[in-house]
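See below for query_29.txt, which holds compact mmCIF, C-alpha atoms and all ligand atoms.
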```
# COMPACT_ATOMS: atom_id res chain seq x y z
CA MET A 1 -19.44 -1.58 -22.53
CA ARG A 2 -16.95 -2.45 -19.85
CA ARG A 3 -16.65 -6.04 -18.74
CA THR A 4 -17.40 -7.14 -15.17
CA VAL A 5 -14.50 -9.12 -13.72
CA ILE A 6 -14.86 -11.28 -10.62
CA ALA A 7 -11.36 -12.31 -9.53
CA GLY A 8 -10.27 -14.39 -6.57
CA ASN A 9 -6.97 -13.59 -4.91
CA TRP A 10 -5.89 -16.72 -3.08
CA LYS A 11 -2.85 -15.07 -1.44
CA MET A 12 -0.63 -17.77 0.18
CA ASN A 13 -3.30 -20.45 0.33
CA MET A 14 -3.87 -23.81 -1.42
CA THR A 15 -1.43 -26.45 -2.55
CA PRO A 16 -1.38 -27.75 -6.15
CA ALA A 17 -3.50 -30.75 -5.14
CA GLU A 18 -5.99 -28.50 -3.35
CA THR A 19 -6.05 -26.24 -6.41
CA LYS A 20 -6.98 -29.12 -8.69
CA LYS A 21 -9.77 -30.23 -6.33
CA PHE A 22 -11.10 -26.68 -5.87
CA ILE A 23 -11.31 -25.89 -9.58
CA GLY A 24 -12.81 -29.32 -10.29
CA GLU A 25 -15.59 -28.45 -7.84
CA LEU A 26 -16.00 -24.82 -8.92
CA ALA A 27 -16.14 -25.33 -12.69
CA PRO A 28 -19.62 -26.94 -12.85
CA MET A 29 -20.94 -24.42 -10.31
CA VAL A 30 -20.02 -21.40 -12.47
CA ALA A 31 -20.53 -22.98 -15.89
CA GLY A 32 -22.58 -20.71 -18.15
CA LEU A 33 -22.30 -17.69 -15.85
CA ASP A 34 -20.75 -15.72 -18.66
CA LYS A 35 -21.90 -12.17 -17.96
CA CYS A 36 -18.58 -11.64 -16.18
CA ASP A 37 -15.02 -12.84 -16.50
CA ILE A 38 -14.22 -15.35 -13.75
CA VAL A 39 -10.58 -15.31 -12.68
CA LEU A 40 -8.61 -17.13 -9.99
CA CYS A 41 -5.28 -15.53 -9.10
CA VAL A 42 -3.23 -18.26 -7.48
CA PRO A 43 0.23 -18.74 -5.94
CA ALA A 44 2.91 -19.30 -8.59
CA ILE A 45 3.46 -22.92 -7.58
CA ASP A 46 -0.24 -23.64 -8.25
CA ILE A 47 -0.32 -22.18 -11.77
CA PRO A 48 0.28 -25.41 -13.75
CA ALA A 49 -2.38 -27.30 -11.77
CA ALA A 50 -4.79 -24.38 -12.06
CA VAL A 51 -4.30 -23.96 -15.81
CA GLU A 52 -4.81 -27.67 -16.38
CA ALA A 53 -7.91 -27.90 -14.19
CA ALA A 54 -9.44 -24.76 -15.74
CA SER A 55 -8.81 -25.86 -19.30
CA GLY A 56 -12.08 -26.00 -21.27
CA THR A 57 -14.00 -24.09 -18.55
CA ASN A 58 -14.94 -20.40 -18.25
CA ILE A 59 -12.41 -19.91 -15.41
CA ARG A 60 -9.30 -17.92 -16.28
CA ILE A 61 -6.11 -18.10 -14.31
CA GLY A 62 -4.13 -15.20 -12.90
CA ALA A 63 -0.87 -14.78 -11.01
CA GLU A 64 -0.41 -12.73 -7.84
CA ASN A 65 2.70 -10.85 -8.93
CA VAL A 66 5.16 -10.47 -11.81
CA HIS A 67 8.70 -9.15 -12.05
CA PHE A 68 9.44 -6.24 -14.34
CA LYS A 69 12.60 -7.58 -15.99
CA GLU A 70 12.46 -10.08 -18.82
CA SER A 71 15.11 -12.36 -17.32
CA GLY A 72 18.33 -12.23 -15.33
CA ALA A 73 19.79 -12.39 -11.84
CA TYR A 74 16.59 -11.87 -9.83
CA THR A 75 16.47 -14.95 -7.63
CA GLY A 76 12.97 -16.03 -6.74
CA GLU A 77 11.24 -13.84 -9.29
CA ILE A 78 8.98 -14.75 -12.22
CA SER A 79 8.78 -12.87 -15.51
CA ALA A 80 5.72 -11.95 -17.56
CA LYS A 81 6.92 -14.16 -20.41
CA MET A 82 7.09 -17.15 -18.05
CA LEU A 83 3.54 -16.50 -16.87
CA VAL A 84 2.22 -16.21 -20.43
CA GLU A 85 3.89 -19.45 -21.45
CA ALA A 86 2.37 -21.17 -18.41
CA GLY A 87 -1.13 -20.17 -19.58
CA VAL A 88 -1.74 -17.23 -17.24
CA GLU A 89 -4.05 -14.46 -18.51
CA TYR A 90 -4.26 -12.01 -15.60
CA VAL A 91 -1.86 -10.75 -12.96
CA VAL A 92 -2.48 -8.85 -9.72
CA ILE A 93 -0.04 -5.96 -9.31
CA GLY A 94 0.57 -3.74 -6.30
CA HIS A 95 -1.67 -5.52 -3.81
CA SER A 96 -1.56 -3.70 -0.48
CA GLU A 97 0.04 -6.76 1.16
CA ARG A 98 2.93 -6.49 -1.30
CA ARG A 99 3.16 -2.76 -0.66
CA GLN A 100 3.08 -3.35 3.11
CA TYR A 101 5.31 -6.43 3.50
CA PHE A 102 7.49 -6.58 0.37
CA GLY A 103 8.59 -3.02 -0.30
CA GLU A 104 6.34 -2.48 -3.31
CA THR A 105 6.21 1.17 -4.34
CA ASP A 106 4.25 3.16 -6.90
CA LYS A 107 7.38 3.04 -9.05
CA THR A 108 7.71 -0.77 -8.99
CA VAL A 109 3.94 -1.11 -9.51
CA ASN A 110 4.35 0.96 -12.66
CA LEU A 111 7.32 -1.10 -13.89
CA ARG A 112 5.47 -4.37 -13.29
CA THR A 113 2.33 -3.04 -15.00
CA LYS A 114 4.25 -2.02 -18.12
CA ALA A 115 6.12 -5.34 -18.28
CA ALA A 116 2.94 -7.37 -17.86
CA LEU A 117 1.05 -5.39 -20.52
CA ALA A 118 3.97 -5.58 -22.96
CA ALA A 119 3.87 -9.38 -22.63
CA GLY A 120 0.13 -9.45 -23.35
CA LEU A 121 -1.15 -10.08 -19.81
CA LYS A 122 -4.21 -8.37 -18.37
CA THR A 123 -3.36 -6.51 -15.21
CA ILE A 124 -5.35 -6.05 -12.02
CA VAL A 125 -3.64 -3.01 -10.56
CA CYS A 126 -4.46 -2.43 -6.89
CA VAL A 127 -4.80 0.99 -5.30
CA GLY A 128 -6.23 2.01 -1.96
CA GLU A 129 -5.94 4.25 1.05
CA SER A 130 -5.17 3.34 4.67
CA LEU A 131 -7.60 4.25 7.43
CA GLU A 132 -5.31 7.06 8.54
CA GLU A 133 -5.17 8.49 5.01
CA ARG A 134 -8.97 8.32 4.78
CA GLU A 135 -9.42 10.03 8.15
CA LEU A 136 -7.03 12.79 7.10
CA GLY A 137 -9.14 13.38 3.98
CA TYR A 138 -6.57 12.19 1.45
CA THR A 139 -8.60 9.42 -0.21
CA GLU A 140 -9.28 11.17 -3.52
CA THR A 141 -5.79 12.64 -3.84
CA LEU A 142 -4.14 9.33 -3.01
CA LEU A 143 -6.30 7.19 -5.29
CA LYS A 144 -5.73 9.53 -8.20
CA TYR A 145 -1.99 9.66 -7.52
CA GLN A 146 -1.62 5.88 -7.20
CA THR A 147 -3.69 5.28 -10.34
CA LYS A 148 -1.77 7.77 -12.46
CA MET A 149 1.59 6.56 -11.17
CA ALA A 150 0.70 2.93 -11.91
CA LEU A 151 -0.34 3.79 -15.47
CA THR A 152 2.47 6.19 -16.38
CA GLY A 153 3.77 5.18 -19.82
CA VAL A 154 0.87 2.79 -20.49
CA THR A 155 -0.52 3.46 -23.97
CA ALA A 156 -4.19 4.02 -24.75
CA GLU A 157 -4.15 0.70 -26.62
CA GLN A 158 -2.67 -1.12 -23.62
CA LEU A 159 -5.27 0.47 -21.34
CA LYS A 160 -7.77 -1.99 -22.84
CA ASN A 161 -6.00 -4.75 -20.89
CA VAL A 162 -5.97 -2.85 -17.60
CA VAL A 163 -8.32 -3.58 -14.73
CA VAL A 164 -7.90 -1.43 -11.62
CA ALA A 165 -8.99 -2.69 -8.21
CA TYR A 166 -9.91 -0.11 -5.59
CA GLU A 167 -9.08 -1.81 -2.33
CA PRO A 168 -9.29 0.33 0.80
CA VAL A 169 -6.52 -1.12 2.98
CA TRP A 170 -8.74 -0.96 6.08
CA ALA A 171 -11.26 -3.28 4.42
CA ILE A 172 -8.87 -6.04 3.28
CA GLY A 173 -9.12 -9.22 5.30
CA THR A 174 -10.70 -7.33 8.18
CA GLY A 175 -14.34 -8.24 7.67
CA VAL A 176 -15.03 -4.48 7.47
CA THR A 177 -16.49 -3.76 4.05
CA ALA A 178 -16.70 -0.29 2.56
CA THR A 179 -20.30 0.78 2.16
CA ALA A 180 -21.57 0.53 -1.39
CA GLU A 181 -21.46 4.34 -1.50
CA GLN A 182 -17.81 4.43 -0.36
CA ALA A 183 -16.90 1.75 -2.93
CA ASP A 184 -18.70 3.64 -5.69
CA GLU A 185 -17.00 6.89 -4.69
CA GLY A 186 -13.52 5.33 -4.53
CA ASN A 187 -13.99 3.61 -7.88
CA GLY A 188 -15.23 6.92 -9.25
CA PHE A 189 -12.01 8.63 -8.14
CA VAL A 190 -10.01 5.94 -9.97
CA ARG A 191 -12.08 6.43 -13.12
CA ALA A 192 -11.71 10.20 -12.87
CA ALA A 193 -7.91 9.81 -12.69
CA ILE A 194 -7.98 7.63 -15.80
CA ALA A 195 -10.20 10.21 -17.53
CA GLU A 196 -7.71 12.96 -16.67
CA ALA A 197 -4.91 10.91 -18.25
CA TYR A 198 -6.67 9.26 -21.22
CA GLY A 199 -9.98 11.11 -21.70
CA ALA A 200 -13.48 10.37 -20.47
CA GLU A 201 -14.36 7.98 -23.29
CA ALA A 202 -11.39 5.70 -22.63
CA ALA A 203 -12.02 5.82 -18.86
CA GLU A 204 -15.61 4.66 -19.37
CA GLU A 205 -14.28 1.45 -20.89
CA VAL A 206 -11.95 0.51 -18.01
CA THR A 207 -13.10 -2.13 -15.56
CA VAL A 208 -12.71 -0.87 -11.99
CA GLN A 209 -13.23 -3.50 -9.31
CA TYR A 210 -13.88 -3.08 -5.63
CA GLY A 211 -11.98 -5.28 -3.17
CA GLY A 212 -12.14 -5.52 0.61
CA SER A 213 -14.16 -8.16 2.43
CA MET A 214 -16.53 -8.64 -0.51
CA ASN A 215 -18.58 -11.75 0.16
CA ASP A 216 -21.75 -13.63 -0.73
CA GLY A 217 -23.78 -11.35 1.55
CA ASN A 218 -22.68 -7.94 0.29
CA ALA A 219 -21.65 -8.57 -3.34
CA ALA A 220 -25.04 -7.80 -4.92
CA GLU A 221 -25.27 -4.37 -3.30
CA LEU A 222 -21.66 -3.45 -4.08
CA LEU A 223 -21.97 -4.63 -7.68
CA SER A 224 -25.19 -2.66 -8.16
CA LYS A 225 -23.20 0.58 -8.07
CA VAL A 226 -22.48 2.23 -11.39
CA ASN A 227 -18.73 2.46 -10.88
CA VAL A 228 -18.25 -1.04 -9.42
CA ASP A 229 -17.42 -3.34 -12.33
CA GLY A 230 -16.52 -6.43 -10.39
CA GLY A 231 -14.61 -7.55 -7.35
CA LEU A 232 -11.20 -8.68 -6.20
CA ILE A 233 -11.98 -11.21 -3.53
CA GLY A 234 -9.62 -12.70 -0.96
CA GLY A 235 -11.16 -14.79 1.82
CA ALA A 236 -14.44 -15.58 0.06
CA SER A 237 -12.58 -16.86 -3.02
CA LEU A 238 -11.33 -19.82 -1.02
CA LYS A 239 -14.81 -21.33 -0.68
CA THR A 240 -16.50 -22.59 -3.84
CA ASP A 241 -20.02 -21.79 -2.58
CA LYS A 242 -19.21 -18.24 -1.51
CA PHE A 243 -17.24 -17.47 -4.67
CA THR A 244 -20.03 -18.90 -6.83
CA ALA A 245 -22.59 -16.72 -5.04
CA ILE A 246 -20.52 -13.64 -5.90
CA VAL A 247 -20.24 -14.74 -9.55
CA LYS A 248 -24.03 -15.25 -9.58
CA ALA A 249 -24.55 -11.74 -8.16
CA ALA A 250 -22.48 -10.42 -11.07
CA ASN A 251 -24.66 -12.37 -13.51
CA ALA A 252 -28.03 -11.29 -12.09
C1 LIG A 301 -7.78 -9.10 -1.36
O1 LIG A 301 -6.98 -9.96 -1.04
O2 LIG A 301 -7.56 -8.40 -2.34
C2 LIG A 301 -8.98 -8.92 -0.54
C3 LIG A 301 -9.85 -7.99 -0.89
O3 LIG A 301 -9.12 -9.74 0.54
P1 LIG A 301 -10.48 -9.95 1.39
O4 LIG A 301 -11.60 -10.19 0.40
O5 LIG A 301 -10.21 -11.15 2.24
O6 LIG A 301 -10.70 -8.71 2.18
```

I'd like the structure from this file rewritten - as structure tokens, please.
Ligand code: PEP
Amino acid sequence: MRRTVIAGNWKMNMTPAETKKFIGELAPMVAGLDKCDIVLCVPAIDIPAAVEAASGTNIRIGAENVHFKESGAYTGEISAKMLVEAGVEYVVIGHSERRQYFGETDKTVNLRTKAALAAGLKTIVCVGESLEERELGYTETLLKYQTKMALTGVTAEQLKNVVVAYEPVWAIGTGVTATAEQADEGNGFVRAAIAEAYGAEAAEEVTVQYGGSMNDGNAAELLSKVNVDGGLIGGASLKTDKFTAIVKAANA
């Protein structure tokens, strides 16, 4: 049975002090809601505060990016080993904002994914089509391509630590949510790509999240779909009440 994963992606929000306060508030609200993994992916500077505040709770901490080299002359970058030592369990890779603003490509997404998995991290690999690509009818082709490219060279054993997030670019931070049917279909394309590469049985075990304006009002319907195994949540993960409502929907 695949695990439901509800993960917040804080993007460039929250200071270390705000992080400590937020997790202190959130922890009692989500205590015992253990039918899903609860993850907060936070800015690198917030990781020590987040790990400390989440210690002894059911909240796991993730990073928002990872470099693919182990060490060296890569000013400003952070390696998988550094994240592991800091207490990080998950890492978001290939978010559309990184693809759009920071030159992320399918190739670098693949390199980061392999480095993170080799270090023992769980990855949340993001794929998704733009509105133009959807309107041109490329959604299935693109999702399958991005998924297979991201996972090239990932072993069947490592696949157990892979979560994929289907995030239609037109739904991220826009307030426009994919319909539950569109989310289910997109997630299904991702799972089909994994099945083509690893076999249907392995693909059935992979957690595929939906992300794109998921909130307390639409989470239950999105999560009711057979292919939607959780959510990657931006805006609504910055409010303890909204994020808790999503976690509760995943525990219903
Ligand atoms: C995201 O950052 O991955 C995301 C889905 O953002 P939002 O929920 O704000 O659309």

### Task
Rank A:Gln182, A:Ala150, A:Gly56, A:Leu117 by their smallest atom-to-atom distance to Ala31 in chain A, using all atoms listed in the file, and report the top residue only.
A:Gly56

### Task
Could I get the residue neighbourhood of ligand LIG 301 (chain A) at 6 Å, counting all atoms listed in the file, as a ChimeraX atom specification?
/A:9,171-173,211-214,232-235

#### Entry: Using only C-alpha atoms: which of A:Lys81, A:Arg191, A:Lys160, A:Lys114 has the shortest distance to Val127 in chain A
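Between A:Lys81, A:Arg191, A:Lys160, A:Lys114, the residue approaching Val127 in chain A most closely is A:Arg191.
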
### Task
Measuring atom to atom with all atoms listed in the file, identify which of A:Val92, A:Met82, A:Ile23, A:Val154 is nearest to Asn58 in chain A.
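Residue with the minimum atom-to-atom distance to Asn58 in chain A: A:Ile23.
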
### Selected residue, from A:Thr207, A:Ser55, A:Thr155, A:Thr147, that lies nearest to Lys20 in chain A when counting only C-alpha atoms
A:Ser55

### Which of A:Asp37, A:Glu104, A:Glu25, A:Glu133 sits closest to Ile6 in chain A [using all atoms listed in the file]
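Nearest candidate to Ile6 in chain A out of A:Asp37, A:Glu104, A:Glu25, A:Glu133: A:Asp37.
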
#### Entry: Asp34 in chain A environment, 12 Å, all atoms listed in the file, sequence neighbours closer than 6 positions dropped, as a list in words
Arg3, Thr4, Val5, Ile6, Thr57, Asn58, Ile59, Arg60, Val247, Lys248, Ala249, Ala250, Asn251 and Ala252 of chain A

### Query
Of the residues A:Ile194, A:Ile47, A:Ile93, A:Val226, which is the one nearest to Glu181 in chain A, using all atoms listed in the file?
A:Val226

File output, range 180-195 of chain A (all heavy atoms) as a PDB file, in the first residue's frame:
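The result, stored in part_23.pdb:
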```
ATOM      1  N   ALA A 180     -10.512  17.661  -9.842  1.00  0.00           N
ATOM      2  CA  ALA A 180     -10.072  16.371  -9.287  1.00  0.00           C
ATOM      3  C   ALA A 180      -9.819  15.381 -10.426  1.00  0.00           C
ATOM      4  O   ALA A 180      -8.888  14.575 -10.361  1.00  0.00           O
ATOM      5  CB  ALA A 180     -11.126  15.848  -8.318  1.00  0.00           C
ATOM      6  N   GLU A 181     -10.613  15.486 -11.486  1.00  0.00           N
ATOM      7  CA  GLU A 181     -10.447  14.575 -12.636  1.00  0.00           C
ATOM      8  C   GLU A 181      -9.124  14.862 -13.351  1.00  0.00           C
ATOM      9  O   GLU A 181      -8.406  13.950 -13.751  1.00  0.00           O
ATOM     10  CB  GLU A 181     -11.611  14.728 -13.618  1.00  0.00           C
ATOM     11  CG  GLU A 181     -12.933  14.166 -13.121  1.00  0.00           C
ATOM     12  CD  GLU A 181     -13.531  14.949 -11.945  1.00  0.00           C
ATOM     13  OE1 GLU A 181     -13.322  16.188 -11.882  1.00  0.00           O
ATOM     14  OE2 GLU A 181     -14.180  14.327 -11.085  1.00  0.00           O
ATOM     15  N   GLN A 182      -8.803  16.150 -13.526  1.00  0.00           N
ATOM     16  CA  GLN A 182      -7.530  16.500 -14.182  1.00  0.00           C
ATOM     17  C   GLN A 182      -6.347  16.044 -13.328  1.00  0.00           C
ATOM     18  O   GLN A 182      -5.347  15.558 -13.849  1.00  0.00           O
ATOM     19  CB  GLN A 182      -7.437  18.020 -14.409  1.00  0.00           C
ATOM     20  CG  GLN A 182      -8.319  18.539 -15.529  1.00  0.00           C
ATOM     21  CD  GLN A 182      -8.373  20.057 -15.543  1.00  0.00           C
ATOM     22  OE1 GLN A 182      -8.368  20.715 -14.510  1.00  0.00           O
ATOM     23  NE2 GLN A 182      -8.421  20.626 -16.743  1.00  0.00           N
ATOM     24  N   ALA A 183      -6.460  16.213 -12.009  1.00  0.00           N
ATOM     25  CA  ALA A 183      -5.378  15.794 -11.109  1.00  0.00           C
ATOM     26  C   ALA A 183      -5.197  14.278 -11.194  1.00  0.00           C
ATOM     27  O   ALA A 183      -4.078  13.774 -11.313  1.00  0.00           O
ATOM     28  CB  ALA A 183      -5.688  16.224  -9.678  1.00  0.00           C
ATOM     29  N   ASP A 184      -6.318  13.567 -11.154  1.00  0.00           N
ATOM     30  CA  ASP A 184      -6.266  12.104 -11.206  1.00  0.00           C
ATOM     31  C   ASP A 184      -5.655  11.631 -12.533  1.00  0.00           C
ATOM     32  O   ASP A 184      -4.835  10.710 -12.564  1.00  0.00           O
ATOM     33  CB  ASP A 184      -7.693  11.553 -11.056  1.00  0.00           C
ATOM     34  CG  ASP A 184      -7.698  10.080 -10.712  1.00  0.00           C
ATOM     35  OD1 ASP A 184      -6.859   9.661  -9.890  1.00  0.00           O
ATOM     36  OD2 ASP A 184      -8.523   9.348 -11.270  1.00  0.00           O
ATOM     37  N   GLU A 185      -6.046  12.315 -13.609  1.00  0.00           N
ATOM     38  CA  GLU A 185      -5.523  11.934 -14.932  1.00  0.00           C
ATOM     39  C   GLU A 185      -4.018  12.204 -15.019  1.00  0.00           C
ATOM     40  O   GLU A 185      -3.242  11.340 -15.456  1.00  0.00           O
ATOM     41  CB  GLU A 185      -6.258  12.722 -16.021  1.00  0.00           C
ATOM     42  CG  GLU A 185      -5.826  12.333 -17.423  1.00  0.00           C
ATOM     43  CD  GLU A 185      -6.459  13.223 -18.480  1.00  0.00           C
ATOM     44  OE1 GLU A 185      -6.373  14.473 -18.376  1.00  0.00           O
ATOM     45  OE2 GLU A 185      -7.012  12.668 -19.433  1.00  0.00           O
ATOM     46  N   GLY A 186      -3.593  13.389 -14.567  1.00  0.00           N
ATOM     47  CA  GLY A 186      -2.170  13.737 -14.610  1.00  0.00           C
ATOM     48  C   GLY A 186      -1.345  12.776 -13.764  1.00  0.00           C
ATOM     49  O   GLY A 186      -0.293  12.285 -14.191  1.00  0.00           O
ATOM     50  N   ASN A 187      -1.847  12.493 -12.556  1.00  0.00           N
ATOM     51  CA  ASN A 187      -1.130  11.553 -11.689  1.00  0.00           C
ATOM     52  C   ASN A 187      -1.090  10.167 -12.331  1.00  0.00           C
ATOM     53  O   ASN A 187      -0.103   9.435 -12.203  1.00  0.00           O
ATOM     54  CB  ASN A 187      -1.820  11.478 -10.320  1.00  0.00           C
ATOM     55  CG  ASN A 187      -1.494  12.686  -9.452  1.00  0.00           C
ATOM     56  OD1 ASN A 187      -1.217  13.754  -9.962  1.00  0.00           O
ATOM     57  ND2 ASN A 187      -1.529  12.512  -8.160  1.00  0.00           N
ATOM     58  N   GLY A 188      -2.161   9.840 -13.033  1.00  0.00           N
ATOM     59  CA  GLY A 188      -2.206   8.547 -13.728  1.00  0.00           C
ATOM     60  C   GLY A 188      -1.157   8.469 -14.833  1.00  0.00           C
ATOM     61  O   GLY A 188      -0.542   7.415 -15.038  1.00  0.00           O
ATOM     62  N   PHE A 189      -0.935   9.566 -15.533  1.00  0.00           N
ATOM     63  CA  PHE A 189       0.105   9.591 -16.576  1.00  0.00           C
ATOM     64  C   PHE A 189       1.490   9.361 -15.941  1.00  0.00           C
ATOM     65  O   PHE A 189       2.326   8.638 -16.483  1.00  0.00           O
ATOM     66  CB  PHE A 189       0.112  10.929 -17.327  1.00  0.00           C
ATOM     67  CG  PHE A 189      -1.116  11.188 -18.164  1.00  0.00           C
ATOM     68  CD1 PHE A 189      -1.586  12.491 -18.365  1.00  0.00           C
ATOM     69  CD2 PHE A 189      -1.797  10.144 -18.786  1.00  0.00           C
ATOM     70  CE1 PHE A 189      -2.712  12.741 -19.147  1.00  0.00           C
ATOM     71  CE2 PHE A 189      -2.929  10.384 -19.568  1.00  0.00           C
ATOM     72  CZ  PHE A 189      -3.395  11.689 -19.743  1.00  0.00           C
ATOM     73  N   VAL A 190       1.702   9.996 -14.784  1.00  0.00           N
ATOM     74  CA  VAL A 190       2.985   9.813 -14.076  1.00  0.00           C
ATOM     75  C   VAL A 190       3.152   8.341 -13.698  1.00  0.00           C
ATOM     76  O   VAL A 190       4.199   7.738 -13.937  1.00  0.00           O
ATOM     77  CB  VAL A 190       3.042  10.709 -12.811  1.00  0.00           C
ATOM     78  CG1 VAL A 190       4.243  10.333 -11.935  1.00  0.00           C
ATOM     79  CG2 VAL A 190       3.093  12.183 -13.200  1.00  0.00           C
ATOM     80  N   ARG A 191       2.088   7.758 -13.138  1.00  0.00           N
ATOM     81  CA  ARG A 191       2.184   6.352 -12.719  1.00  0.00           C
ATOM     82  C   ARG A 191       2.397   5.438 -13.927  1.00  0.00           C
ATOM     83  O   ARG A 191       3.158   4.468 -13.862  1.00  0.00           O
ATOM     84  CB  ARG A 191       0.935   5.933 -11.930  1.00  0.00           C
ATOM     85  CG  ARG A 191       1.166   4.664 -11.124  1.00  0.00           C
ATOM     86  CD  ARG A 191      -0.025   4.258 -10.272  1.00  0.00           C
ATOM     87  NE  ARG A 191      -0.597   5.311  -9.468  1.00  0.00           N
ATOM     88  CZ  ARG A 191      -0.031   5.802  -8.365  1.00  0.00           C
ATOM     89  NH1 ARG A 191       1.124   5.336  -7.941  1.00  0.00           N
ATOM     90  NH2 ARG A 191      -0.624   6.766  -7.688  1.00  0.00           N
ATOM     91  N   ALA A 192       1.753   5.775 -15.036  1.00  0.00           N
ATOM     92  CA  ALA A 192       1.920   4.950 -16.243  1.00  0.00           C
ATOM     93  C   ALA A 192       3.375   5.008 -16.728  1.00  0.00           C
ATOM     94  O   ALA A 192       3.935   3.990 -17.157  1.00  0.00           O
ATOM     95  CB  ALA A 192       0.972   5.431 -17.334  1.00  0.00           C
ATOM     96  N   ALA A 193       3.987   6.188 -16.635  1.00  0.00           N
ATOM     97  CA  ALA A 193       5.396   6.319 -17.050  1.00  0.00           C
ATOM     98  C   ALA A 193       6.284   5.469 -16.149  1.00  0.00           C
ATOM     99  O   ALA A 193       7.209   4.799 -16.625  1.00  0.00           O
ATOM    100  CB  ALA A 193       5.829   7.789 -16.983  1.00  0.00           C
ATOM    101  N   ILE A 194       5.986   5.462 -14.858  1.00  0.00           N
ATOM    102  CA  ILE A 194       6.779   4.655 -13.921  1.00  0.00           C
ATOM    103  C   ILE A 194       6.565   3.170 -14.223  1.00  0.00           C
ATOM    104  O   ILE A 194       7.510   2.377 -14.210  1.00  0.00           O
ATOM    105  CB  ILE A 194       6.411   4.989 -12.450  1.00  0.00           C
ATOM    106  CG1 ILE A 194       6.726   6.460 -12.162  1.00  0.00           C
ATOM    107  CG2 ILE A 194       7.177   4.091 -11.474  1.00  0.00           C
ATOM    108  CD1 ILE A 194       6.209   6.970 -10.830  1.00  0.00           C
ATOM    109  N   ALA A 195       5.325   2.810 -14.565  1.00  0.00           N
ATOM    110  CA  ALA A 195       5.031   1.408 -14.908  1.00  0.00           C
ATOM    111  C   ALA A 195       5.802   0.995 -16.156  1.00  0.00           C
ATOM    112  O   ALA A 195       6.324  -0.121 -16.228  1.00  0.00           O
ATOM    113  CB  ALA A 195       3.531   1.221 -15.114  1.00  0.00           C
TER     114      ALA A 195
END
```
